[in-house]
>>> print(open('model.csv').read())   # CSV, C-alpha atoms and all ligand atoms
chain,number,residue,atom,x,y,z
A,259,MET,CA,27.2,-21.9,103.1
A,260,LYS,CA,23.8,-22.7,104.7
A,261,ILE,CA,23.3,-26.1,103.2
A,262,GLU,CA,26.8,-27.4,104.0
A,263,SER,CA,26.7,-26.4,107.6
A,264,GLN,CA,23.4,-28.3,107.9
A,265,THR,CA,24.8,-31.4,106.3
A,266,GLN,CA,26.1,-34.2,108.4
A,267,MET,CA,29.0,-36.5,107.5
A,268,TYR,CA,28.4,-38.7,110.5
A,269,GLU,CA,32.1,-38.8,111.6
A,270,GLY,CA,32.7,-41.9,113.8
A,271,SER,CA,30.7,-44.2,111.5
A,272,PRO,CA,32.6,-47.1,109.8
A,273,TRP,CA,32.8,-46.5,106.0
A,274,CYS,CA,33.2,-49.3,103.5
A,275,LEU,CA,35.6,-48.5,100.7
A,276,GLY,CA,34.9,-51.6,98.6
A,277,ARG,CA,35.6,-55.3,98.3
A,278,TYR,CA,39.1,-56.4,99.3
A,279,GLU,CA,39.2,-58.2,95.9
A,280,SER,CA,38.4,-55.1,93.9
A,281,PHE,CA,41.8,-53.5,94.8
A,282,GLU,CA,44.3,-54.7,92.1
A,283,ILE,CA,47.9,-55.4,93.0
A,284,ASN,CA,50.3,-52.5,92.5
A,285,LYS,CA,47.6,-50.2,91.1
A,286,PRO,CA,47.2,-47.1,93.2
A,287,LYS,CA,43.7,-45.8,93.5
A,288,LEU,CA,42.4,-42.4,94.6
A,289,ILE,CA,39.5,-42.2,97.1
A,290,THR,CA,38.0,-39.1,98.7
A,291,LEU,CA,36.6,-39.5,102.2
A,292,LEU,CA,35.2,-36.8,104.5
A,293,ASN,CA,36.7,-34.0,102.4
A,294,HIS,CA,40.2,-35.5,102.0
A,295,ASP,CA,42.0,-37.5,99.3
A,296,TYR,CA,43.9,-40.7,99.9
A,297,VAL,CA,45.8,-43.1,97.8
A,298,ILE,CA,45.3,-46.8,98.3
A,299,TRP,CA,47.3,-49.6,96.9
A,300,LYS,CA,47.5,-53.4,97.4
A,301,ASP,CA,51.0,-54.8,97.5
A,302,LYS,CA,52.3,-58.2,96.2
A,303,GLN,CA,51.8,-59.7,99.6
A,304,GLY,CA,48.1,-58.7,99.5
A,305,ASN,CA,48.5,-55.9,102.2
A,306,LEU,CA,46.4,-52.8,101.6
A,307,ASN,CA,48.2,-49.5,102.2
A,308,ALA,CA,46.4,-46.1,102.4
A,309,LEU,CA,48.1,-42.7,102.7
A,310,ASP,CA,47.3,-39.0,102.4
A,311,ASN,CA,47.4,-38.4,98.6
A,312,ILE,CA,49.2,-35.1,98.7
A,313,CYS,CA,53.0,-35.4,98.3
A,314,PRO,CA,54.6,-33.2,101.0
A,315,HIS,CA,57.5,-32.1,98.7
A,316,ALA,CA,55.6,-30.1,96.0
A,317,GLY,CA,52.0,-31.2,96.3
A,318,ALA,CA,51.8,-33.9,93.6
A,319,ASN,CA,48.7,-36.1,93.4
A,320,LEU,CA,50.2,-39.5,94.3
A,321,ALA,CA,47.4,-41.6,92.9
A,322,LYS,CA,47.6,-39.9,89.5
A,323,GLY,CA,50.8,-41.5,88.1
A,324,GLY,CA,52.4,-42.7,91.3
A,325,HIS,CA,53.8,-46.2,90.7
A,326,ILE,CA,54.9,-49.1,92.9
A,327,VAL,CA,58.6,-49.9,93.3
A,328,GLU,CA,60.5,-52.1,95.7
A,329,PHE,CA,62.9,-50.7,98.3
A,330,GLU,CA,64.8,-53.3,100.4
A,331,HIS,CA,62.1,-55.9,99.5
A,332,LYS,CA,59.3,-53.5,100.7
A,333,SER,CA,56.6,-52.2,98.5
A,334,CYS,CA,56.5,-48.5,98.2
A,335,LEU,CA,54.9,-45.8,96.1
A,336,ALA,CA,57.1,-43.5,94.0
A,337,CYS,CA,55.9,-40.0,93.6
A,338,PRO,CA,54.8,-39.2,90.0
A,339,TYR,CA,56.7,-35.9,90.1
A,340,HIS,CA,60.2,-36.8,91.6
A,341,GLY,CA,59.8,-40.5,92.2
A,342,ASN,CA,63.4,-41.2,91.5
A,343,LYS,CA,64.1,-39.4,94.7
A,344,VAL,CA,61.0,-39.8,96.9
A,345,GLN,CA,59.0,-42.9,97.7
A,346,PHE,CA,56.4,-43.7,100.4
A,347,LEU,CA,56.1,-46.8,102.5
A,348,GLY,CA,52.6,-48.0,103.7
A,349,ASP,CA,53.5,-47.2,107.3
A,350,GLY,CA,53.9,-43.5,106.4
A,351,LYS,CA,57.7,-43.5,106.4
A,352,VAL,CA,59.3,-41.8,103.4
A,353,ILE,CA,62.4,-42.6,101.5
A,354,VAL,CA,64.3,-39.5,100.4
A,355,ASP,CA,67.4,-40.0,98.3
A,356,GLY,CA,67.7,-43.6,99.5
A,357,ASN,CA,67.3,-42.8,103.2
A,358,ILE,CA,64.2,-44.0,105.2
A,359,SER,CA,62.8,-41.5,107.6
A,360,THR,CA,62.8,-42.6,111.3
A,361,LYS,CA,59.2,-41.3,111.8
A,362,GLU,CA,55.9,-41.4,110.0
A,363,ILE,CA,55.9,-38.4,107.6
A,364,GLN,CA,52.9,-39.2,105.4
A,365,PRO,CA,49.6,-39.6,107.3
A,366,VAL,CA,48.2,-43.2,107.2
A,367,LEU,CA,44.5,-43.9,106.8
A,368,PRO,CA,43.9,-47.0,109.0
A,369,LEU,CA,42.0,-49.8,107.2
A,370,GLN,CA,40.4,-53.1,108.4
A,371,VAL,CA,39.3,-56.0,106.2
A,372,VAL,CA,36.2,-57.7,107.6
A,373,ASN,CA,34.4,-60.5,105.8
A,374,GLY,CA,35.8,-59.5,102.4
A,375,LEU,CA,35.1,-55.7,102.7
A,376,VAL,CA,37.5,-52.9,103.4
A,377,TRP,CA,36.5,-50.5,106.2
A,378,THR,CA,37.8,-47.3,107.7
A,379,TYR,CA,36.7,-44.6,110.1
A,380,GLY,CA,38.7,-41.9,108.3
A,381,LEU,CA,40.9,-39.2,109.6
A,382,ASN,CA,40.1,-35.8,111.2
A,383,TRP,CA,42.0,-32.9,109.6
A,384,GLU,CA,42.7,-29.7,111.4
A,385,GLU,CA,44.7,-26.6,110.7
A,386,GLN,CA,47.3,-25.9,113.4
A,387,ASN,CA,49.8,-23.1,113.0
A,388,GLY,CA,49.3,-23.1,109.3
A,389,LYS,CA,49.8,-26.9,109.0
A,390,SER,CA,47.3,-29.7,108.3
A,391,ILE,CA,47.3,-32.1,111.2
A,392,SER,CA,45.4,-35.4,111.0
A,393,GLN,CA,44.1,-37.8,113.7
A,394,PRO,CA,42.2,-41.1,113.4
A,395,ILE,CA,38.5,-40.5,114.1
A,396,GLU,CA,37.2,-42.2,117.2
A,397,PRO,CA,34.7,-45.0,116.4
A,398,ARG,CA,31.1,-44.3,117.5
A,399,LEU,CA,29.6,-47.4,115.8
A,400,PRO,CA,31.1,-50.8,115.3
A,401,ILE,CA,31.8,-52.3,111.9
A,402,PRO,CA,28.5,-54.0,111.0
A,403,ASP,CA,28.2,-57.8,111.7
A,404,TYR,CA,26.7,-58.5,108.3
A,405,LYS,CA,27.2,-62.3,108.5
A,406,ASN,CA,24.2,-62.7,110.8
A,407,ILE,CA,21.3,-60.9,109.3
A,408,ASN,CA,17.5,-61.4,109.2
A,409,PHE,CA,15.6,-63.3,106.4
A,410,LEU,CA,18.5,-65.5,105.2
A,411,PRO,CA,17.1,-68.7,103.8
A,412,GLU,CA,17.8,-72.0,105.5
A,413,TYR,CA,20.2,-73.1,102.7
A,414,ASN,CA,22.3,-70.0,103.3
A,415,PRO,CA,22.0,-69.2,107.0
A,416,GLN,CA,25.1,-67.0,107.2
A,417,LEU,CA,26.4,-64.4,104.8
A,418,ASN,CA,30.0,-65.2,104.0
A,419,LEU,CA,30.9,-63.2,100.9
A,420,SER,CA,33.9,-65.5,100.1
A,421,GLU,CA,31.4,-68.4,99.6
A,422,LEU,CA,29.3,-66.5,97.0
A,423,ASN,CA,30.0,-65.7,93.4
A,424,HIS,CA,30.6,-62.0,92.7
A,425,ILE,CA,28.8,-61.0,89.5
A,426,TYR,CA,28.3,-57.3,89.5
A,427,SER,CA,29.9,-54.0,90.5
A,428,PHE,CA,28.6,-50.4,90.4
A,429,SER,CA,30.3,-47.3,91.8
A,430,GLU,CA,29.3,-43.7,91.2
A,431,SER,CA,29.4,-40.4,93.0
A,432,PHE,CA,26.3,-38.2,93.1
A,433,ASN,CA,25.7,-34.6,94.1
A,434,GLY,CA,23.9,-35.1,97.4
A,435,ASN,CA,24.4,-36.2,101.0
A,436,ILE,CA,24.2,-39.4,103.0
A,437,ASP,CA,20.7,-38.5,104.3
A,438,GLN,CA,19.3,-38.3,100.8
A,439,LEU,CA,20.8,-41.7,99.9
A,440,MET,CA,19.6,-43.3,103.1
A,441,TRP,CA,16.1,-42.0,102.4
A,442,ASN,CA,16.2,-43.5,98.9
A,443,ALA,CA,17.6,-46.8,100.2
A,444,HIS,CA,14.8,-47.1,102.8
A,445,ASP,CA,12.0,-45.7,100.6
A,446,GLY,CA,9.4,-48.4,99.9
A,447,GLU,CA,7.2,-46.2,97.8
A,448,HIS,CA,9.6,-45.3,95.0
A,449,PHE,CA,9.5,-48.7,93.2
A,450,ALA,CA,6.2,-47.8,91.6
A,451,GLY,CA,7.5,-44.3,90.8
A,452,THR,CA,11.2,-44.1,90.0
A,453,HIS,CA,11.3,-47.8,88.9
A,454,TYR,CA,7.8,-48.0,87.3
A,455,ASP,CA,9.2,-49.1,83.9
A,456,SER,CA,12.1,-51.2,85.2
A,457,MET,CA,10.7,-53.1,88.3
A,458,LEU,CA,7.2,-52.8,86.7
A,459,THR,CA,5.8,-52.4,90.2
A,460,LYS,CA,2.1,-51.8,90.8
A,461,ASP,CA,1.6,-52.5,94.5
A,462,ILE,CA,4.0,-52.4,97.4
A,463,LYS,CA,3.7,-54.0,100.8
A,464,ILE,CA,6.2,-53.8,103.7
A,465,GLU,CA,6.3,-56.6,106.2
A,466,ASN,CA,8.4,-57.6,109.3
A,467,LEU,CA,9.8,-54.2,109.9
A,468,THR,CA,12.1,-54.1,112.9
A,469,GLN,CA,14.6,-51.6,114.3
A,470,ASP,CA,17.5,-52.1,116.7
A,471,GLU,CA,19.4,-48.8,117.0
A,472,ASN,CA,21.1,-48.3,113.7
A,473,LYS,CA,19.9,-51.6,112.3
A,474,ILE,CA,16.7,-51.6,110.4
A,475,SER,CA,15.3,-54.7,108.6
A,476,TRP,CA,12.2,-55.3,106.6
A,477,GLN,CA,10.8,-57.2,103.6
A,478,ILE,CA,9.2,-55.5,100.7
A,479,PHE,CA,6.7,-57.3,98.4
A,480,LEU,CA,6.6,-55.8,95.0
A,481,HIS,CA,3.5,-56.9,92.9
A,482,LYS,CA,4.0,-56.6,89.2
A,483,ARG,CA,1.9,-54.4,86.9
A,484,ASP,CA,-0.7,-56.2,84.7
A,485,ASP,CA,-1.4,-53.4,82.2
A,486,LYS,CA,-1.0,-53.9,78.5
A,487,GLN,CA,2.2,-52.0,78.3
A,488,VAL,CA,4.0,-54.5,80.4
A,489,ASN,CA,4.1,-57.2,77.7
A,490,LYS,CA,6.0,-54.9,75.4
A,491,ASN,CA,8.5,-53.9,78.1
A,492,LYS,CA,11.9,-55.5,77.6
A,493,MET,CA,12.3,-55.8,81.4
A,494,ASN,CA,9.2,-58.0,81.6
A,495,PRO,CA,11.0,-61.4,81.3
A,496,LEU,CA,13.3,-60.4,84.1
A,497,VAL,CA,10.7,-59.5,86.7
A,498,ASN,CA,8.7,-62.1,88.7
A,499,ASP,CA,5.0,-61.6,89.5
A,500,VAL,CA,6.0,-60.9,93.1
A,501,VAL,CA,9.5,-59.8,94.0
A,502,ILE,CA,10.4,-60.2,97.7
A,503,GLN,CA,13.3,-58.1,98.7
A,504,CYS,CA,14.7,-58.7,102.1
A,505,ILE,CA,16.6,-55.7,103.5
A,506,ASN,CA,19.0,-55.3,106.4
A,507,SER,CA,20.4,-51.8,106.8
A,508,PHE,CA,23.2,-50.7,109.0
A,509,LEU,CA,23.0,-46.9,109.2
A,510,PRO,CA,24.5,-44.8,107.8
A,511,SER,CA,26.8,-46.8,105.5
A,512,LEU,CA,25.7,-50.3,104.6
A,513,LEU,CA,22.6,-52.0,103.2
A,514,ILE,CA,22.2,-55.7,102.3
A,515,LEU,CA,19.5,-56.8,100.0
A,516,THR,CA,18.7,-60.5,99.6
A,517,ASN,CA,16.3,-61.8,97.1
A,518,GLU,CA,15.5,-65.4,96.2
A,519,ILE,CA,15.3,-65.2,92.4
A,520,ALA,CA,14.2,-68.8,92.0
A,521,LYS,CA,13.9,-71.8,94.4
A,522,GLY,CA,17.3,-72.2,96.2
A,523,LYS,CA,18.8,-69.4,94.1
A,524,LEU,CA,19.8,-66.4,96.1
A,525,PHE,CA,20.9,-62.9,94.9
A,526,VAL,CA,22.8,-60.8,97.5
A,527,GLY,CA,23.3,-57.1,96.9
A,528,ILE,CA,25.8,-55.2,99.1
A,529,ALA,CA,25.2,-51.5,98.9
A,530,TYR,CA,27.6,-49.1,100.7
A,531,SER,CA,28.3,-45.5,100.6
A,532,TYR,CA,30.5,-42.8,102.1
A,533,PRO,CA,30.6,-39.1,102.2
A,534,GLU,CA,33.2,-37.6,99.9
A,535,SER,CA,32.2,-34.2,101.1
A,536,PRO,CA,29.1,-32.7,102.7
A,537,THR,CA,27.5,-32.5,99.3
A,538,LYS,CA,29.0,-35.4,97.4
A,539,THR,CA,28.5,-39.0,98.2
A,540,LYS,CA,30.0,-42.2,96.8
A,541,PHE,CA,27.4,-45.0,96.2
A,542,CYS,CA,28.5,-48.5,95.4
A,543,VAL,CA,26.8,-51.8,94.9
A,544,ASP,CA,28.2,-55.3,94.5
A,545,GLY,CA,26.1,-58.2,93.5
A,546,TYR,CA,26.6,-61.9,94.4
A,547,LEU,CA,24.9,-65.2,93.6
A,548,ASN,CA,24.9,-68.4,95.7
A,549,PHE,CA,25.3,-70.4,92.4
A,550,LYS,CA,27.4,-70.3,89.2
A,551,TYR,CA,25.9,-69.5,85.9
A,552,ALA,CA,25.4,-72.6,83.7
A,553,TRP,CA,26.5,-72.7,80.1
A,554,TRP,CA,22.9,-72.2,79.0
A,555,HIS,CA,22.5,-69.1,81.2
A,556,LYS,CA,25.5,-67.7,79.3
A,557,LEU,CA,24.1,-68.7,75.9
A,558,LEU,CA,20.9,-66.9,76.7
A,559,LYS,CA,23.0,-63.9,77.9
A,560,PHE,CA,21.5,-64.0,81.4
A,561,PRO,CA,24.6,-62.5,83.1
A,562,GLN,CA,24.6,-59.4,80.8
A,563,LYS,CA,20.8,-59.0,80.9
A,564,GLY,CA,20.8,-59.2,84.7
A,565,ASN,CA,23.6,-56.7,85.0
A,566,ASN,CA,22.0,-54.3,82.5
A,567,PHE,CA,18.8,-54.5,84.6
A,568,ARG,CA,20.8,-53.6,87.7
A,569,ASP,CA,22.5,-50.7,85.9
A,570,THR,CA,19.2,-49.4,84.8
A,571,LEU,CA,17.7,-49.4,88.3
A,572,LEU,CA,20.7,-47.8,89.9
A,573,PHE,CA,20.9,-45.0,87.2
A,574,GLU,CA,17.2,-44.3,87.8
A,575,ASP,CA,18.0,-43.8,91.5
A,576,LEU,CA,21.1,-41.7,90.7
A,577,THR,CA,19.1,-39.5,88.4
A,578,ILE,CA,16.6,-38.8,91.2
A,579,LEU,CA,19.4,-38.3,93.7
A,580,ASN,CA,21.4,-35.9,91.5
A,581,ASN,CA,18.3,-33.7,91.2
A,582,LEU,CA,17.0,-33.5,94.7
A,583,TYR,CA,16.8,-30.1,96.5
A,584,PRO,CA,18.8,-30.3,99.7
A,585,THR,CA,16.3,-28.5,101.8
A,586,PHE,CA,12.5,-28.5,101.7
A,587,ASN,CA,9.5,-28.4,104.0
A,588,LYS,CA,8.1,-31.8,104.5
A,589,LYS,CA,4.3,-31.7,104.4
A,590,ILE,CA,3.4,-35.1,102.9
A,591,ALA,CA,3.9,-38.7,104.1
A,592,LEU,CA,3.1,-41.9,102.2
A,593,LYS,CA,2.1,-45.3,103.6
A,594,ASN,CA,5.4,-47.1,102.7
A,595,ASP,CA,7.7,-44.3,103.9
A,596,THR,CA,8.0,-45.9,107.3
A,597,PRO,CA,11.5,-47.5,107.0
A,598,ALA,CA,12.8,-44.2,105.5
A,599,GLU,CA,11.2,-42.2,108.4
A,600,LEU,CA,12.8,-44.6,111.0
A,601,ALA,CA,16.2,-44.1,109.3
A,602,MET,CA,15.8,-40.3,109.3
A,603,ASN,CA,14.8,-40.3,112.9
A,604,TYR,CA,17.7,-42.4,113.9
A,605,LEU,CA,20.2,-40.2,112.1
A,606,LYS,CA,18.6,-36.9,113.4
A,607,ASN,CA,18.9,-38.1,117.0
A,608,GLN,CA,22.5,-39.1,116.9
A,609,ASN,CA,24.1,-35.7,117.7
A,610,TYR,CA,27.1,-36.4,115.6
B,701,LIG,S1,56.2,-33.6,94.4
B,701,LIG,FE1,56.4,-35.6,95.2
B,701,LIG,S2,58.6,-35.8,95.4
B,701,LIG,FE2,58.3,-33.9,94.5
B,702,FE,FE,15.7,-47.5,93.9
>>> encode(input="model.csv", output="structure tokens")
Amino acid sequence: MKIESQTQMYEGSPWCLGRYESFEINKPKLITLLNHDYVIWKDKQGNLNALDNICPHAGANLAKGGHIVEFEHKSCLACPYHGNKVQFLGDGKVIVDGNISTKEIQPVLPLQVVNGLVWTYGLNWEEQNGKSISQPIEPRLPIPDYKNINFLPEYNPQLNLSELNHIYSFSESFNGNIDQLMWNAHDGEHFAGTHYDSMLTKDIKIENLTQDENKISWQIFLHKRDDKQVNKNKMNPLVNDVVIQCINSFLPSLLILTNEIAKGKLFVGIAYSYPESPTKTKFCVDGYLNFKYAWWHKLLKFPQKGNNFRDTLLFEDLTILNNLYPTFNKKIALKNDTPAELAMNYLKNQNY
């Protein structure tokens, strides 16, 4: 199909699959990355294991009903179909009728945990003599150094996720590609469009825009609307007169937003995405604060209100993204498109 052949999945980029903490012990989870399904589980020792999700006996979906059992003190995944006979170890070896294979049978998806996030480059799958053969994808970009980013305040000069309080998670797939998501994430102009009734934005100003290869950073000043409708809007108490969002993006997979919500109080949003297929993309956001909610914050329902606000913004973005046409003739540019245009240029020139 024309659209699919034009759509890049940027093989060789590091993809973030989520917070290490978000994987629950002994609960297998299905993920789709670069057109292939994998099952991931965290064992009792805290190790993450990730394997091809298709059982090589009769094609069972291992993540759907596969359960964790112990074999000679090792954690393994029992197939939901014939798990009394067949179990999988995290290193790809398989136990059949109580005997461990000498070699890897089930392909392993290599994972790395860096500063609290789980990363992978994925596997390349090819048909050879009627069989699917996989190989680890060669890295073309390093895993981002997201400890040292621009615009961090003096009281929080490095970003260590383990020192922050995790308060929010969002994870959805949409019908579209990484380019479309990267445009949206770098789009300065859409705050007064897509988010007109949530961010209540009137004017937008972009400052301190810099680019170093796949790293783009900028600040965006959002000035609040002052029309009569704003007073009646339920988002009104949640939006400051000027919102300064500081953004550090690491194309094509990670974007970090920092925002001082009050003096000394920092919100950190970690947004990451990966291609499930050329036309389906997973989009996730985790939110953190550098402080803990006080009892009176809870009494006033600040945590829920804040998270509902974030849900609203992200659903507004997803609605736009789910309805974009994949191809069009670009004939118009807007003033605050610059970060998005830099991002698109970088991606276009990569010859992935
Ligand atoms: S399908 Fe998995 S062991 Fe039979
Ligand atoms: Fe948005």
>>> residues_near_ligand(input="model.csv", ligand="ligand LIG 701 (chain B)", cutoff="7 Å", atoms="all atoms listed in the file", output="list in words")
Cys313, Pro314, His315, Ala316, Gly317, Ala318, Cys337, Pro338, Tyr339, His340, Gly341, Lys343 and Val344 of chain A
>>> closest_residue(input="model.csv", among="A:Asn517, A:Asn466, A:Asn489, A:Ser359", to="Pro411 (chain A)", atoms="only C-alpha atoms")
A:Asn517
>>> closest_residue(input="model.csv", among="A:Cys504, A:Ile519, A:Leu439, A:Ala321", to="ligand FE 702 (chain B)", atoms="only C-alpha atoms and all ligand atoms")
A:Leu439
>>> residues_near_point(input="model.csv", point="(48.2, -40.4, 90.8)", cutoff="8 Å", atoms="all atoms listed in the file", output="number ranges by chain")
A: 286-288, 297, 318-324, 338
>>> residues_near_ligand(input="model.csv", ligand="ligand FE 702 (chain B)", cutoff="12 Å", atoms="all atoms listed in the file", output="JSON, numbers by chain")
{"A": [439, 440, 441, 442, 443, 444, 445, 446, 447, 448, 449, 450, 451, 452, 453, 454, 456, 457, 459, 503, 515, 529, 543, 568, 569, 570, 571, 572, 573, 574, 575, 576, 577, 578, 579]}
>>> closest_residue(input="model.csv", among="A:Gln266, A:Gly564, A:Asn382, A:Phe432", to="Tyr551 (chain A)", atoms="only C-alpha atoms")
A:Gly564
>>> closest_residue(input="model.csv", among="A:Ile289, A:Phe586, A:Asn607, A:Leu275", to="Gln438 (chain A)", atoms="all atoms listed in the file")
A:Phe586
>>> closest_residue(input="model.csv", among="A:Ser429, A:Val501, A:Lys588, A:Leu410", to="Gly522 (chain A)", atoms="all atoms listed in the file")
A:Leu410
